[in-house]
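> Below you'll find the structure I mean.
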Amino acid sequence: MRLDAAVDLVGGGRLGPGLSNAYDGNVYLLRGDGGAWLADTGSGLDQGVLLARVEEALGGLPLLGALVTHAHADHAGGAAGLAANGTAIVAGPLTAELVRAADPGQLGLTAALRAGIYPAGYRFAPYPGVLTPAEAGLEEGPLRALPTPGHSADHTAWLFTAGGTTYACTGDLLFSRGRIVLPGAGDADVQALRRSLERLRAARPDVLLPGHGTPVMSDATWHIEQALSAFELGRLPGSFH
Ligand SMILES: [Zn+2]
């Protein structure tokens with residue numbers, strides 16, 4: 001699904017566009033210099049559907065790699081399958097450790113399976129070759145990692161600038177209309193989330209590409225402010241769920 005000249009929405013399940021497996025978070029394709037990047041990898045279930053959409057969106061452009069926002073399975077579970085297909089995987093240092101080991105307890109997957117969030121028998125395949133932003137040269141420049149803990153301790157947003165527009169791949173940090181998700185279990189931290197939203201605002205993105213729901217193609221600051229103004233009033237921002 002073409003969003004503009006630089007970005008396609010190529011995957012996403014029930015909580016998003018229904019383009020790929022029901023359990024997938026949104027997957028975006030970003031066209032940069034010399035090729036394209038994926039933002040997030042989906043769950044790994046029915047990955048052929050996602051790969052077909054990626055191929056179509058690439059239209060012959062080389063795929064340079066896939067960026068991961070955090071190690072929850074709907075965003076990172078597809079990393080091993082993409083890597084087996086020859087795609088480099090880049091994630092923040094904590095996410096990289098989690099995906100390398102793929103320990104269901106550390107990933108929060110044991111609790112999520114118990115809660116019925118993933119189908120019974122779902123497995124998160126480890127991928128030992130994950131690169132950190134430093135190893136991939138993505139700490140600065142037109143594509144760069146922005147550490148954004150809060151939804152989870154390992155969360156990273158990705159900033160991408162093309163044609164004078166700055167896109168923020170926000171994973172589960174922020175959704176349209178300033179909504180958030182604070183998981184009840186695991187390593188969520190509401191004060192860290194607030195500081196991460198302030199860091200996102202300071203990066204002045206034009207477009208928000210969230211991990212679920214609707215992309216925000218203009219006026220990104222308004223959506224960030226919706227969340228921050230709730231904090232300023234002593235309330236929590238609305239929940240995406
Ligand atoms: Zn998450």
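Going by the structure tokens order, chains are called A, B, ..., each with residues numbered from 1, while ligands are numbered from 1 in the order shown.
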Identify, on the basis of only C-alpha atoms, every residue whose closest approach to stretch 52-64 of chain A does not exceed 8 Å; exclude the query and any residue fewer than 2 positions from it along the same chain; express the result as a PyMOL selection string.

chain A and resi 8+10-11+29+34-38+48-50+66+87-88

> Dump N, CA and C atoms for the selected residues as a tab-separated table (two decimals), in the first residue's frame?


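Generated file (again.tsv):
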chain	number	residue	atom	x	y	z
A	8	ASP	N	5.98	2.62	1.73
A	8	ASP	CA	4.84	1.71	1.53
A	8	ASP	C	4.52	1.03	2.86
A	10	VAL	N	3.53	-2.44	3.96
A	10	VAL	CA	3.56	-3.74	3.29
A	10	VAL	C	3.03	-4.88	4.16
A	11	GLY	N	2.84	-4.63	5.45
A	11	GLY	CA	2.32	-5.69	6.31
A	11	GLY	C	1.61	-5.11	7.51
A	29	LEU	N	7.94	-0.24	4.31
A	29	LEU	CA	9.11	-0.26	3.44
A	29	LEU	C	9.51	1.19	3.18
A	34	GLY	N	20.17	4.13	-2.47
A	34	GLY	CA	20.80	2.84	-2.71
A	34	GLY	C	19.93	1.64	-2.40
A	35	GLY	N	18.71	1.84	-1.95
A	35	GLY	CA	17.85	0.69	-1.68
A	35	GLY	C	16.82	1.01	-0.62
A	36	ALA	N	16.18	-0.03	-0.12
A	36	ALA	CA	15.06	0.15	0.81
A	36	ALA	C	15.31	-0.61	2.11
A	37	TRP	N	14.63	-0.17	3.14
A	37	TRP	CA	14.68	-0.82	4.45
A	37	TRP	C	13.26	-1.19	4.87
A	38	LEU	N	13.15	-2.28	5.61
A	38	LEU	CA	11.88	-2.58	6.26
A	38	LEU	C	11.92	-2.04	7.69
A	48	GLY	N	5.41	-15.84	3.94
A	48	GLY	CA	5.37	-15.74	2.48
A	48	GLY	C	4.46	-14.62	2.00
A	49	VAL	N	3.37	-14.38	2.72
A	49	VAL	CA	2.43	-13.32	2.32
A	49	VAL	C	3.13	-11.96	2.42
A	50	LEU	N	3.84	-11.77	3.54
A	50	LEU	CA	4.57	-10.51	3.73
A	50	LEU	C	5.68	-10.37	2.68
A	66	ALA	N	16.41	-4.90	7.61
A	66	ALA	CA	15.16	-4.68	8.36
A	66	ALA	C	15.52	-4.13	9.72
A	87	THR	N	18.30	-11.08	4.49
A	87	THR	CA	18.11	-9.69	4.92
A	87	THR	C	18.88	-9.43	6.22
A	88	ALA	N	19.67	-8.34	6.25
A	88	ALA	CA	20.34	-7.93	7.48
A	88	ALA	C	19.30	-7.42	8.47

> Return as a PyMOL selection string the full set of residues in stretch 15-211 of chain A whose backbone-based DSSP assignment is alpha helix (DSSP H).

chain A and resi 47-58+73-76+79-84+93-101+109-114+133-136+190-202

> Can you list, as a list of chain:residue names, all residues belonging to stretch 77-187 of chain A that DSSP tags as strand (DSSP E)?

A:Ile89, A:Val90, A:Ala91, A:Leu143, A:Arg144, A:Ala145, A:Leu146, A:Pro147, A:Thr156, A:Ala157, A:Trp158, A:Leu159, A:Phe160, A:Thr161, A:Ala162, A:Thr165, A:Thr166, A:Tyr167, A:Ala168, A:Cys169, A:Thr170, A:Gly171

> Using only N, CA and C atoms, please write the residues we just selected to a file, as a PDB file, in the first residue's frame.


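part29.pdb, written as the output of this step:
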ATOM      1  N   ILE A  89      19.492  -7.725   9.755  1.00  0.00           N
ATOM      2  CA  ILE A  89      18.556  -7.298  10.799  1.00  0.00           C
ATOM      3  C   ILE A  89      19.291  -6.344  11.739  1.00  0.00           C
ATOM      4  N   VAL A  90      18.698  -5.172  11.987  1.00  0.00           N
ATOM      5  CA  VAL A  90      19.306  -4.169  12.863  1.00  0.00           C
ATOM      6  C   VAL A  90      18.319  -3.823  13.975  1.00  0.00           C
ATOM      7  N   ALA A  91      18.800  -3.805  15.215  1.00  0.00           N
ATOM      8  CA  ALA A  91      17.937  -3.510  16.360  1.00  0.00           C
ATOM      9  C   ALA A  91      18.769  -2.831  17.440  1.00  0.00           C
ATOM     10  N   LEU A 143      18.999   7.813   8.230  1.00  0.00           N
ATOM     11  CA  LEU A 143      18.280   6.714   8.885  1.00  0.00           C
ATOM     12  C   LEU A 143      18.989   6.450  10.202  1.00  0.00           C
ATOM     13  N   ARG A 144      18.274   6.648  11.313  1.00  0.00           N
ATOM     14  CA  ARG A 144      18.981   6.507  12.593  1.00  0.00           C
ATOM     15  C   ARG A 144      18.054   6.029  13.707  1.00  0.00           C
ATOM     16  N   ALA A 145      18.668   5.371  14.670  1.00  0.00           N
ATOM     17  CA  ALA A 145      17.948   4.842  15.831  1.00  0.00           C
ATOM     18  C   ALA A 145      17.744   5.947  16.852  1.00  0.00           C
ATOM     19  N   LEU A 146      16.559   5.967  17.480  1.00  0.00           N
ATOM     20  CA  LEU A 146      16.260   6.890  18.574  1.00  0.00           C
ATOM     21  C   LEU A 146      15.817   6.030  19.768  1.00  0.00           C
ATOM     22  N   PRO A 147      16.671   5.868  20.770  1.00  0.00           N
ATOM     23  CA  PRO A 147      16.278   5.021  21.913  1.00  0.00           C
ATOM     24  C   PRO A 147      15.020   5.581  22.585  1.00  0.00           C
ATOM     25  N   THR A 156      13.125   1.007  20.588  1.00  0.00           N
ATOM     26  CA  THR A 156      13.841   1.977  19.755  1.00  0.00           C
ATOM     27  C   THR A 156      12.888   2.469  18.668  1.00  0.00           C
ATOM     28  N   ALA A 157      12.788   3.785  18.477  1.00  0.00           N
ATOM     29  CA  ALA A 157      12.113   4.305  17.293  1.00  0.00           C
ATOM     30  C   ALA A 157      13.176   4.527  16.214  1.00  0.00           C
ATOM     31  N   TRP A 158      12.736   4.544  14.963  1.00  0.00           N
ATOM     32  CA  TRP A 158      13.672   4.759  13.857  1.00  0.00           C
ATOM     33  C   TRP A 158      13.257   6.014  13.112  1.00  0.00           C
ATOM     34  N   LEU A 159      14.216   6.909  12.885  1.00  0.00           N
ATOM     35  CA  LEU A 159      13.956   8.151  12.151  1.00  0.00           C
ATOM     36  C   LEU A 159      14.561   8.036  10.765  1.00  0.00           C
ATOM     37  N   PHE A 160      13.775   8.430   9.767  1.00  0.00           N
ATOM     38  CA  PHE A 160      14.176   8.284   8.369  1.00  0.00           C
ATOM     39  C   PHE A 160      13.822   9.581   7.661  1.00  0.00           C
ATOM     40  N   THR A 161      14.801  10.198   7.004  1.00  0.00           N
ATOM     41  CA  THR A 161      14.542  11.451   6.284  1.00  0.00           C
ATOM     42  C   THR A 161      14.748  11.230   4.796  1.00  0.00           C
ATOM     43  N   ALA A 162      13.750  11.618   3.999  1.00  0.00           N
ATOM     44  CA  ALA A 162      13.819  11.504   2.536  1.00  0.00           C
ATOM     45  C   ALA A 162      12.980  12.624   1.942  1.00  0.00           C
ATOM     46  N   THR A 165      11.298  15.223   4.143  1.00  0.00           N
ATOM     47  CA  THR A 165      10.312  14.768   5.127  1.00  0.00           C
ATOM     48  C   THR A 165      10.996  13.826   6.119  1.00  0.00           C
ATOM     49  N   THR A 166      10.694  14.002   7.408  1.00  0.00           N
ATOM     50  CA  THR A 166      11.216  13.085   8.420  1.00  0.00           C
ATOM     51  C   THR A 166      10.097  12.171   8.910  1.00  0.00           C
ATOM     52  N   TYR A 167      10.336  10.883   8.785  1.00  0.00           N
ATOM     53  CA  TYR A 167       9.392   9.837   9.174  1.00  0.00           C
ATOM     54  C   TYR A 167       9.878   9.226  10.487  1.00  0.00           C
ATOM     55  N   ALA A 168       8.971   8.978  11.413  1.00  0.00           N
ATOM     56  CA  ALA A 168       9.324   8.284  12.655  1.00  0.00           C
ATOM     57  C   ALA A 168       8.581   6.949  12.690  1.00  0.00           C
ATOM     58  N   CYS A 169       9.340   5.865  12.668  1.00  0.00           N
ATOM     59  CA  CYS A 169       8.755   4.528  12.846  1.00  0.00           C
ATOM     60  C   CYS A 169       8.670   4.316  14.348  1.00  0.00           C
ATOM     61  N   THR A 170       7.465   4.413  14.896  1.00  0.00           N
ATOM     62  CA  THR A 170       7.321   4.510  16.352  1.00  0.00           C
ATOM     63  C   THR A 170       6.986   3.187  17.020  1.00  0.00           C
ATOM     64  N   GLY A 171       6.871   2.091  16.275  1.00  0.00           N
ATOM     65  CA  GLY A 171       6.621   0.798  16.916  1.00  0.00           C
ATOM     66  C   GLY A 171       5.432   0.880  17.855  1.00  0.00           C
TER      67      GLY A 171
END

> Show me a table, sorted first by chain and then by increasing residue number, of the residues of chain A having an atom at most 12 Å from ligand 1, each with its shortest atom pair and the distance in Å to one decimal, counting only C-alpha atoms and all ligand atoms and written as a Markdown table.


| residue | atom | partner | partner_atom_place_in_ligand_line | distance |
| --- | --- | --- | --- | --- |
| A:Tyr23 | CA | ligand 1 | 1 (Zn) | 11.9 |
| A:Asp24 | CA | ligand 1 | 1 (Zn) | 11.2 |
| A:Gly25 | CA | ligand 1 | 1 (Zn) | 8.9 |
| A:Asn26 | CA | ligand 1 | 1 (Zn) | 11.5 |
| A:Asp40 | CA | ligand 1 | 1 (Zn) | 11.2 |
| A:Gly42 | CA | ligand 1 | 1 (Zn) | 11.5 |
| A:Ser43 | CA | ligand 1 | 1 (Zn) | 11.5 |
| A:Val68 | CA | ligand 1 | 1 (Zn) | 11.1 |
| A:Thr69 | CA | ligand 1 | 1 (Zn) | 8.6 |
| A:His70 | CA | ligand 1 | 1 (Zn) | 6.7 |
| A:Ala71 | CA | ligand 1 | 1 (Zn) | 7.4 |
| A:His72 | CA | ligand 1 | 1 (Zn) | 4.9 |
| A:Ala73 | CA | ligand 1 | 1 (Zn) | 7.8 |
| A:Asp74 | CA | ligand 1 | 1 (Zn) | 7.4 |
| A:His75 | CA | ligand 1 | 1 (Zn) | 7.2 |
| A:Ala76 | CA | ligand 1 | 1 (Zn) | 9.5 |
| A:Gly77 | CA | ligand 1 | 1 (Zn) | 11.5 |
| A:Thr95 | CA | ligand 1 | 1 (Zn) | 11.6 |
| A:Leu107 | CA | ligand 1 | 1 (Zn) | 10.1 |
| A:Gly108 | CA | ligand 1 | 1 (Zn) | 9.5 |
| A:Leu109 | CA | ligand 1 | 1 (Zn) | 10.7 |
| A:Ala112 | CA | ligand 1 | 1 (Zn) | 10.6 |
| A:Ile117 | CA | ligand 1 | 1 (Zn) | 11.4 |
| A:Pro149 | CA | ligand 1 | 1 (Zn) | 11.0 |
| A:Gly150 | CA | ligand 1 | 1 (Zn) | 10.1 |
| A:His151 | CA | ligand 1 | 1 (Zn) | 6.5 |
| A:Ser152 | CA | ligand 1 | 1 (Zn) | 6.9 |
| A:Ala153 | CA | ligand 1 | 1 (Zn) | 10.4 |
| A:Asp154 | CA | ligand 1 | 1 (Zn) | 10.0 |
| A:His155 | CA | ligand 1 | 1 (Zn) | 8.3 |
| A:Thr156 | CA | ligand 1 | 1 (Zn) | 11.0 |
| A:Thr170 | CA | ligand 1 | 1 (Zn) | 10.7 |
| A:Gly171 | CA | ligand 1 | 1 (Zn) | 7.3 |
| A:Asp172 | CA | ligand 1 | 1 (Zn) | 5.2 |
| A:Leu173 | CA | ligand 1 | 1 (Zn) | 8.2 |
| A:Leu174 | CA | ligand 1 | 1 (Zn) | 10.7 |
| A:Phe175 | CA | ligand 1 | 1 (Zn) | 11.8 |
| A:Ile180 | CA | ligand 1 | 1 (Zn) | 10.3 |
| A:Val181 | CA | ligand 1 | 1 (Zn) | 7.7 |
| A:Leu182 | CA | ligand 1 | 1 (Zn) | 8.6 |
| A:Pro183 | CA | ligand 1 | 1 (Zn) | 7.7 |
| A:Gly184 | CA | ligand 1 | 1 (Zn) | 11.3 |
| A:Ala185 | CA | ligand 1 | 1 (Zn) | 11.2 |
| A:Gly186 | CA | ligand 1 | 1 (Zn) | 10.4 |
| A:Asp187 | CA | ligand 1 | 1 (Zn) | 10.7 |
| A:Ala188 | CA | ligand 1 | 1 (Zn) | 9.6 |
| A:Pro210 | CA | ligand 1 | 1 (Zn) | 11.1 |
| A:Gly211 | CA | ligand 1 | 1 (Zn) | 8.4 |
| A:His212 | CA | ligand 1 | 1 (Zn) | 9.8 |
| A:Phe240 | CA | ligand 1 | 1 (Zn) | 11.5 |
| A:His241 | CA | ligand 1 | 1 (Zn) | 11.8 |

> Would you list the contacts of A:Ala6 as number ranges by chain, taking every protein, DNA or RNA residue within 9 Å and counting only C-alpha atoms, but skipping same-chain residues closer than 4 positions in sequence?

A: 2, 29-32, 162-163

> For the selection just defined, write its residues with C-alpha atoms to a file, as a CSV table (one decimal), in the first residue's frame.


chain,number,residue,atom,x,y,z
A,2,ARG,CA,1.8,3.1,-1.3
A,29,LEU,CA,9.1,-0.3,3.4
A,30,LEU,CA,11.3,2.9,3.4
A,31,ARG,CA,13.0,3.9,0.1
A,32,GLY,CA,16.4,5.5,0.7
A,162,ALA,CA,13.8,11.5,2.5
A,163,GLY,CA,12.8,14.3,0.2
